[in-house]
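Asks: Got work-v2.json for you, JSON, C-alpha atoms:
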```
[["chain", "number", "residue", "atom", "x", "y", "z"],
["B", 1, "MET", "CA", 13.19, 8.78, 16.19],
["B", 2, "VAL", "CA", 14.30, 5.41, 14.80],
["B", 3, "GLU", "CA", 18.10, 5.42, 14.49],
["B", 4, "ALA", "CA", 19.43, 4.67, 11.02],
["B", 5, "ALA", "CA", 15.95, 3.89, 9.69],
["B", 6, "PRO", "CA", 15.61, 4.26, 5.93],
["B", 7, "PRO", "CA", 13.17, 6.78, 4.46],
["B", 8, "LEU", "CA", 9.53, 5.82, 4.90],
["B", 9, "VAL", "CA", 7.37, 6.11, 1.78],
["B", 10, "LEU", "CA", 3.58, 6.27, 2.17],
["B", 11, "VAL", "CA", 1.35, 5.57, -0.84],
["B", 12, "HIS", "CA", -2.27, 6.73, -0.72],
["B", 13, "GLY", "CA", -5.31, 5.04, -2.19],
["B", 14, "LEU", "CA", -8.31, 5.77, -4.39],
["B", 15, "TRP", "CA", -10.12, 9.07, -3.78],
["B", 16, "ASP", "CA", -7.32, 9.98, -1.36],
["B", 17, "THR", "CA", -4.48, 12.48, -1.33],
["B", 18, "PRO", "CA", -1.36, 12.55, 0.86],
["B", 19, "ARG", "CA", -3.53, 14.22, 3.54],
["B", 20, "VAL", "CA", -5.05, 10.83, 4.36],
["B", 21, "PHE", "CA", -1.85, 10.09, 6.29],
["B", 22, "ASN", "CA", -2.09, 13.18, 8.53],
["B", 23, "PRO", "CA", -3.37, 11.21, 11.57],
["B", 24, "LEU", "CA", -0.47, 8.76, 11.23],
["B", 25, "ILE", "CA", 2.07, 11.59, 10.87],
["B", 26, "ARG", "CA", 0.70, 13.23, 14.02],
["B", 27, "HIS", "CA", 0.85, 9.92, 15.87],
["B", 28, "LEU", "CA", 4.48, 9.33, 14.88],
["B", 29, "ASP", "CA", 5.28, 12.84, 16.16],
["B", 30, "GLY", "CA", 8.64, 13.10, 14.44],
["B", 31, "ARG", "CA", 9.87, 9.73, 15.66],
["B", 32, "ARG", "CA", 10.29, 8.46, 12.11],
["B", 33, "GLN", "CA", 12.14, 10.59, 9.56],
["B", 34, "PRO", "CA", 12.28, 11.24, 6.69],
["B", 35, "ILE", "CA", 8.76, 10.51, 5.46],
["B", 36, "LEU", "CA", 7.90, 10.86, 1.78],
["B", 37, "ILE", "CA", 4.31, 10.93, 0.52],
["B", 38, "PRO", "CA", 3.95, 11.12, -3.26],
["B", 39, "HIS", "CA", 0.76, 12.49, -4.73],
["B", 40, "LEU", "CA", -0.43, 10.06, -7.40],
["B", 41, "PRO", "CA", -3.43, 11.57, -9.26],
["B", 42, "HIS", "CA", -5.68, 8.68, -10.25],
["B", 43, "GLY", "CA", -8.56, 10.40, -12.03],
["B", 44, "ILE", "CA", -11.17, 8.73, -9.78],
["B", 45, "GLY", "CA", -10.00, 5.37, -11.08],
["B", 46, "GLN", "CA", -9.39, 6.28, -14.71],
["B", 47, "VAL", "CA", -5.61, 5.75, -14.49],
["B", 48, "PRO", "CA", -4.41, 2.13, -14.70],
["B", 49, "LEU", "CA", -2.48, 0.99, -11.66],
["B", 50, "GLU", "CA", 0.60, 0.09, -13.68],
["B", 51, "ARG", "CA", 0.85, 3.72, -14.81],
["B", 52, "LEU", "CA", 0.52, 4.90, -11.22],
["B", 53, "ALA", "CA", 3.33, 2.51, -10.24],
["B", 54, "GLU", "CA", 5.48, 4.11, -12.93],
["B", 55, "GLN", "CA", 4.69, 7.52, -11.41],
["B", 56, "LEU", "CA", 5.74, 6.16, -8.01],
["B", 57, "ALA", "CA", 9.02, 4.94, -9.52],
["B", 58, "ALA", "CA", 9.69, 8.34, -11.06],
["B", 59, "TYR", "CA", 8.93, 10.08, -7.77],
["B", 60, "LEU", "CA", 11.33, 7.85, -5.86],
["B", 61, "THR", "CA", 14.09, 8.33, -8.42],
["B", 62, "THR", "CA", 13.70, 12.10, -8.12],
["B", 63, "HIS", "CA", 13.47, 12.28, -4.32],
["B", 64, "VAL", "CA", 15.71, 9.45, -3.06],
["B", 65, "GLY", "CA", 17.62, 8.24, -6.10],
["B", 66, "THR", "CA", 17.79, 4.66, -7.32],
["B", 67, "GLU", "CA", 19.86, 2.98, -4.62],
["B", 68, "GLN", "CA", 18.65, 4.36, -1.27],
["B", 69, "PRO", "CA", 16.87, 1.61, 0.75],
["B", 70, "ILE", "CA", 13.35, 2.45, 1.88],
["B", 71, "ASP", "CA", 10.45, 1.18, 3.95],
["B", 72, "LEU", "CA", 7.14, 1.24, 2.10],
["B", 73, "LEU", "CA", 3.54, 1.45, 3.31],
["B", 74, "GLY", "CA", 0.61, 1.34, 0.90],
["B", 75, "PHE", "CA", -2.93, 2.09, 2.02],
["B", 76, "SER", "CA", -5.89, 0.63, 0.12],
["B", 77, "MET", "CA", -5.24, 0.96, -3.63],
["B", 78, "GLY", "CA", -1.81, 2.36, -2.75],
["B", 79, "GLY", "CA", -0.78, -1.08, -1.51],
["B", 80, "VAL", "CA", -1.41, -2.59, -4.94],
["B", 81, "ILE", "CA", 0.44, 0.28, -6.65],
["B", 82, "ALA", "CA", 3.37, -0.27, -4.30],
["B", 83, "ARG", "CA", 3.30, -4.00, -4.97],
["B", 84, "ILE", "CA", 3.48, -3.45, -8.74],
["B", 85, "TRP", "CA", 6.55, -1.27, -8.20],
["B", 86, "LEU", "CA", 8.10, -3.94, -5.96],
["B", 87, "GLN", "CA", 7.45, -6.92, -8.22],
["B", 88, "TRP", "CA", 7.66, -5.50, -11.74],
["B", 89, "LEU", "CA", 9.79, -2.37, -11.51],
["B", 90, "GLY", "CA", 12.61, -3.69, -9.35],
["B", 91, "GLY", "CA", 11.54, -2.03, -6.12],
["B", 92, "HIS", "CA", 12.11, -5.21, -4.10],
["B", 93, "ARG", "CA", 15.86, -4.76, -4.52],
["B", 94, "ARG", "CA", 15.87, -1.60, -2.38],
["B", 95, "THR", "CA", 12.96, -2.16, 0.01],
["B", 96, "ARG", "CA", 13.53, -3.37, 3.54],
["B", 97, "ARG", "CA", 9.92, -3.67, 4.71],
["B", 98, "PHE", "CA", 6.54, -3.48, 2.93],
["B", 99, "ILE", "CA", 3.36, -2.86, 4.89],
["B", 100, "SER", "CA", 0.10, -3.43, 3.04],
["B", 101, "LEU", "CA", -2.72, -1.67, 4.91],
["B", 102, "GLY", "CA", -6.28, -2.55, 3.93],
["B", 103, "SER", "CA", -5.20, -3.22, 0.35],
["B", 104, "PRO", "CA", -7.16, -5.41, -2.08],
["B", 105, "GLN", "CA", -4.19, -7.69, -2.78],
["B", 106, "GLN", "CA", -6.57, -10.54, -3.62],
["B", 107, "GLY", "CA", -9.12, -8.19, -5.16],
["B", 108, "THR", "CA", -12.39, -6.72, -3.98],
["B", 109, "LEU", "CA", -15.88, -7.68, -5.03],
["B", 110, "ASN", "CA", -16.82, -3.99, -5.08],
["B", 111, "ALA", "CA", -14.69, -3.39, -8.18],
["B", 112, "LEU", "CA", -16.29, -6.08, -10.33],
["B", 113, "ALA", "CA", -18.99, -3.78, -11.67],
["B", 114, "CYS", "CA", -16.47, -1.25, -13.03],
["B", 115, "PRO", "CA", -15.85, -1.60, -16.79],
["B", 116, "PRO", "CA", -12.13, -1.68, -17.62],
["B", 117, "TRP", "CA", -12.62, 0.66, -20.59],
["B", 118, "LEU", "CA", -14.09, 3.36, -18.33],
["B", 119, "LEU", "CA", -12.35, 2.95, -14.95],
["B", 120, "PRO", "CA", -9.33, 0.71, -15.53],
["B", 121, "GLY", "CA", -7.71, 1.65, -12.21],
["B", 122, "ILE", "CA", -10.72, 0.38, -10.28],
["B", 123, "ALA", "CA", -11.19, -2.64, -12.55],
["B", 124, "ASP", "CA", -7.56, -3.60, -11.82],
["B", 125, "MET", "CA", -8.63, -4.21, -8.20],
["B", 126, "GLY", "CA", -11.54, -6.52, -9.00],
["B", 127, "ARG", "CA", -11.49, -10.10, -7.78],
["B", 128, "GLY", "CA", -9.76, -12.18, -10.45],
["B", 129, "SER", "CA", -8.57, -9.18, -12.48],
["B", 130, "SER", "CA", -5.84, -9.77, -15.03],
["B", 131, "LEU", "CA", -3.46, -7.54, -13.11],
["B", 132, "LEU", "CA", -3.92, -9.33, -9.79],
["B", 133, "ARG", "CA", -3.69, -12.75, -11.43],
["B", 134, "ARG", "CA", -0.33, -11.77, -12.95],
["B", 135, "LEU", "CA", 0.93, -10.39, -9.66],
["B", 136, "ASN", "CA", -0.07, -13.55, -7.81],
["B", 137, "GLN", "CA", 1.38, -15.92, -10.40],
["B", 138, "ASP", "CA", 4.91, -14.95, -9.40],
["B", 139, "SER", "CA", 5.40, -13.26, -6.04],
["B", 140, "ARG", "CA", 9.00, -14.37, -5.56],
["B", 141, "ALA", "CA", 10.15, -10.75, -5.40],
["B", 142, "LEU", "CA", 8.11, -10.28, -2.22],
["B", 143, "GLN", "CA", 9.98, -13.12, -0.56],
["B", 144, "GLN", "CA", 13.17, -11.06, -0.67],
["B", 145, "LEU", "CA", 11.84, -8.51, 1.82],
["B", 146, "GLU", "CA", 9.78, -8.36, 4.99],
["B", 147, "CYS", "CA", 6.08, -8.14, 4.20],
["B", 148, "VAL", "CA", 3.26, -7.35, 6.62],
["B", 149, "SER", "CA", -0.46, -7.26, 5.80],
["B", 150, "LEU", "CA", -2.72, -5.33, 8.20],
["B", 151, "TYR", "CA", -6.46, -5.28, 7.54],
["B", 152, "THR", "CA", -9.90, -5.31, 9.12],
["B", 153, "PRO", "CA", -12.21, -8.27, 8.54],
["B", 154, "PHE", "CA", -15.15, -5.82, 8.70],
["B", 155, "ASP", "CA", -13.99, -3.82, 5.68],
["B", 156, "LEU", "CA", -16.81, -2.84, 3.31],
["B", 157, "ILE", "CA", -14.50, -1.27, 0.72],
["B", 158, "VAL", "CA", -12.17, -4.23, 0.30],
["B", 159, "THR", "CA", -14.54, -7.19, 0.36],
["B", 160, "PRO", "CA", -14.11, -9.74, 1.73],
["B", 161, "GLY", "CA", -11.92, -7.88, 4.21],
["B", 162, "TRP", "CA", -10.06, -10.97, 5.39],
["B", 163, "GLN", "CA", -8.54, -11.37, 1.92],
["B", 164, "ALA", "CA", -6.85, -7.94, 1.97],
["B", 165, "ALA", "CA", -3.52, -9.68, 2.40],
["B", 166, "LEU", "CA", -0.37, -10.38, 0.43],
["B", 167, "PRO", "CA", 0.47, -13.96, -0.56],
["B", 168, "TRP", "CA", 3.67, -13.69, 1.47],
["B", 169, "GLY", "CA", 4.55, -12.49, 4.96],
["B", 170, "ARG", "CA", 2.77, -11.84, 8.24],
["B", 171, "ARG", "CA", -0.96, -11.16, 8.37],
["B", 172, "GLU", "CA", -2.72, -9.39, 11.21],
["B", 173, "GLU", "CA", -6.30, -8.32, 11.77],
["B", 174, "LEU", "CA", -6.98, -4.86, 13.18],
["B", 175, "LEU", "CA", -10.38, -4.93, 14.85],
["B", 176, "VAL", "CA", -11.70, -1.60, 13.63],
["B", 177, "TRP", "CA", -15.08, -1.21, 12.00],
["B", 178, "THR", "CA", -14.38, 0.64, 8.77],
["B", 179, "HIS", "CA", -11.80, 1.01, 6.03],
["B", 180, "ASP", "CA", -11.06, 4.64, 6.98],
["B", 181, "GLN", "CA", -10.46, 3.69, 10.60],
["B", 182, "LEU", "CA", -7.36, 1.80, 9.52],
["B", 183, "LEU", "CA", -5.72, 5.25, 9.43],
["B", 184, "ARG", "CA", -7.81, 7.02, 12.07],
["B", 185, "SER", "CA", -8.60, 4.69, 14.94],
["B", 186, "PRO", "CA", -6.32, 4.99, 18.00],
["B", 187, "LEU", "CA", -6.05, 1.19, 18.03],
["B", 188, "ALA", "CA", -4.89, 1.08, 14.41],
["B", 189, "LEU", "CA", -2.53, 4.04, 14.80],
["B", 190, "GLU", "CA", -0.93, 2.45, 17.86],
["B", 191, "ARG", "CA", -0.33, -0.79, 15.97],
["B", 192, "LEU", "CA", 0.98, 1.04, 12.91],
["B", 193, "GLY", "CA", 3.28, 3.11, 15.09],
["B", 194, "LYS", "CA", 4.81, 0.00, 16.64],
["B", 195, "GLU", "CA", 5.36, -1.50, 13.20],
["B", 196, "LEU", "CA", 6.94, 1.64, 11.77],
["B", 197, "LEU", "CA", 9.15, 2.37, 14.76],
["B", 198, "ARG", "CA", 10.64, -1.05, 15.34],
["B", 199, "PRO", "CA", 14.22, -1.63, 14.15]]
```
Could you spell out this file's structure in structure tokens?
Replies:
Amino acid sequence: MVEAAPPLVLVHGLWDTPRVFNPLIRHLDGRRQPILIPHLPHGIGQVPLERLAEQLAAYLTTHVGTEQPIDLLGFSMGGVIARIWLQWLGGHRRTRRFISLGSPQQGTLNALACPPWLLPGIADMGRGSSLLRRLNQDSRALQQLECVSLYTPFDLIVTPGWQAALPWGRREELLVWTHDQLLRSPLALERLGKELLRP
């Protein structure tokens, strides 16, 4: 277990539940504690991402208070939700490290066909969406913490895959074939484990 490591918060993505992190939890094998995994019901994309970020904020206040430092990992849509909390809800002031895993931080072409009035949560992730433009216009909050973007260039969910990266911090390709393998492949789990277990 990492000595004196802050709580690790894992944020799931679209069509996921906290169970999506089970392979990662098994890989860590108790070496990183405590781990918190909020369930953020998204109504198959009907809930705007800003509202989900508010739910994340409420969960953290309830479970770890308002001052406790944390490490934060967001998978897929969860990375954008986490980023909203960091940049707009003051989360950067208490976050040590933010890992964006396969998250459409620069948008995904796959979301462009979703009408905002029907599926605003998905539309928020479209290339050039109003939400992503606002996030990218001022990312100074991200510069106050350590940011890491891990992604696969072969991603068919976040397209183009090589743009699944934050505007600040380290970027690293994981050479797995699918979006889901970012949390299932032994190669990806090994890399994630090293990132989450380092001081």
Asks: Between B:His63, B:His39, B:Arg31, B:Arg83, which has the minimum distance to B:Ala165 (counting only C-alpha atoms)?
Replies: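 Comparing B:His63, B:His39, B:Arg31, B:Arg83 against B:Ala165, the winner is B:Arg83.
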Asks: If we count only C-alpha atoms and set the cut-off at 12 Å, which residues sit around B:Leu135, ignoring sequence neighbours fewer than 6 positions away in its own chain? Please answer as a list in words.
Replies: Glu50, Val80, Ile81, Ala82, Arg83, Ile84, Trp85, Leu86, Gln87, Trp88, Gln105, Gln106, Gly107, Asp124, Met125, Gly128, Ser129, Ala141, Leu142, Leu166, Pro167 and Trp168 of chain B
Asks: Just to be explicit: take each residue in the selection above, keep C-alpha atoms, and write the result as a short mmCIF file (atom, residue, chain, number, x, y, z; two decimals), keeping the file's coordinate frame.
Replies:
```cif
data_model
loop_
_atom_site.label_atom_id
_atom_site.label_comp_id
_atom_site.auth_asym_id
_atom_site.auth_seq_id
_atom_site.Cartn_x
_atom_site.Cartn_y
_atom_site.Cartn_z
CA GLU B 50 0.60 0.09 -13.68
CA VAL B 80 -1.41 -2.59 -4.94
CA ILE B 81 0.44 0.28 -6.65
CA ALA B 82 3.37 -0.27 -4.30
CA ARG B 83 3.30 -4.00 -4.97
CA ILE B 84 3.48 -3.45 -8.74
CA TRP B 85 6.55 -1.27 -8.20
CA LEU B 86 8.10 -3.94 -5.96
CA GLN B 87 7.45 -6.92 -8.22
CA TRP B 88 7.66 -5.50 -11.74
CA GLN B 105 -4.19 -7.69 -2.78
CA GLN B 106 -6.57 -10.54 -3.62
CA GLY B 107 -9.12 -8.19 -5.16
CA ASP B 124 -7.56 -3.60 -11.82
CA MET B 125 -8.63 -4.21 -8.20
CA GLY B 128 -9.76 -12.18 -10.45
CA SER B 129 -8.57 -9.18 -12.48
CA ALA B 141 10.15 -10.75 -5.40
CA LEU B 142 8.11 -10.28 -2.22
CA LEU B 166 -0.37 -10.38 0.43
CA PRO B 167 0.47 -13.96 -0.56
CA TRP B 168 3.67 -13.69 1.47
#
```
Asks: When distances are computed from all atoms listed in the file, which of B:Arg51, B:Arg140, B:His179, B:Arg94 shows the smallest separation from B:Gly65?
Replies: B:Arg94
Asks: In Å to one decimal, how far is atom CA of B:His92 from atom CA of B:Leu60?
Replies: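 A separation of 13.2 Å between them.
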Asks: How many Å separate atom CA of B:Leu182 from atom CA of B:Pro7?
Replies: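 Straight-line distance from atom CA of B:Leu182 to atom CA of B:Pro7 works out to 21.7 Å.
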Asks: Kindly indicate which residue among B:Gly169, B:Pro186, B:Pro199, B:Pro160 lies nearest to B:Glu146, using all atoms listed in the file for the distances.
Replies: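 Nearest candidate to B:Glu146 out of B:Gly169, B:Pro186, B:Pro199, B:Pro160: B:Gly169.
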Asks: Skipping near chain neighbours, those fewer than 6 positions away, what residues fall within 10 Å of stretch 19-26 of chain B using only C-alpha atoms, listed as a list in words?
Replies: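 Contacts, in chain order: Leu10, Val11, His12, Gly13, Arg32, Ile35, Ile37, His39, Phe75, Asp180, Leu182, Leu183, Arg184, Ser185, Pro186, Ala188, Leu189, Glu190, Leu192 and Gly193 of chain B.
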Asks: Tell me which of B:Glu173, B:Pro120, B:Arg93, B:Glu195 sits closest to B:Gln46, counting all atoms listed in the file.
Replies: B:Pro120
Asks: Have a look at B:Gly102, B:Thr178, B:Val47, B:Leu132 and name the one nearest to B:Tyr151; count all atoms listed in the file.
Replies: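 That would be B:Gly102, the residue with the smallest distance to B:Tyr151.
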Asks: Residues at most 10 Å from B:Cys114, counting all atoms listed in the file, excluding those fewer than 3 positions away in the same chain, as a ChimeraX atom specification?
Replies: /B:45,110-111,117-126
Asks: Go ahead and compute the interatomic distance for atom CA of B:Arg171 and atom CA of B:Ser149, in Å to one decimal.
Replies: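 So the two atoms, atom CA of B:Arg171 and atom CA of B:Ser149, lie 4.7 Å apart.
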Asks: Taking all atoms listed in the file into account, name the residue in B:Phe98, B:Leu28, B:Leu14, B:Leu175 that is nearest to B:Gln144.
Replies: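 Checking each of B:Phe98, B:Leu28, B:Leu14, B:Leu175 against B:Gln144, counting all atoms listed in the file, the winner is B:Phe98.
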Asks: Near B:Thr108, counting only C-alpha atoms, which residues have an atom at most 6 Å away, once you skip same-chain residues fewer than 4 positions from it, shown as number ranges by chain?
Replies: B: 104, 126-127, 158-159
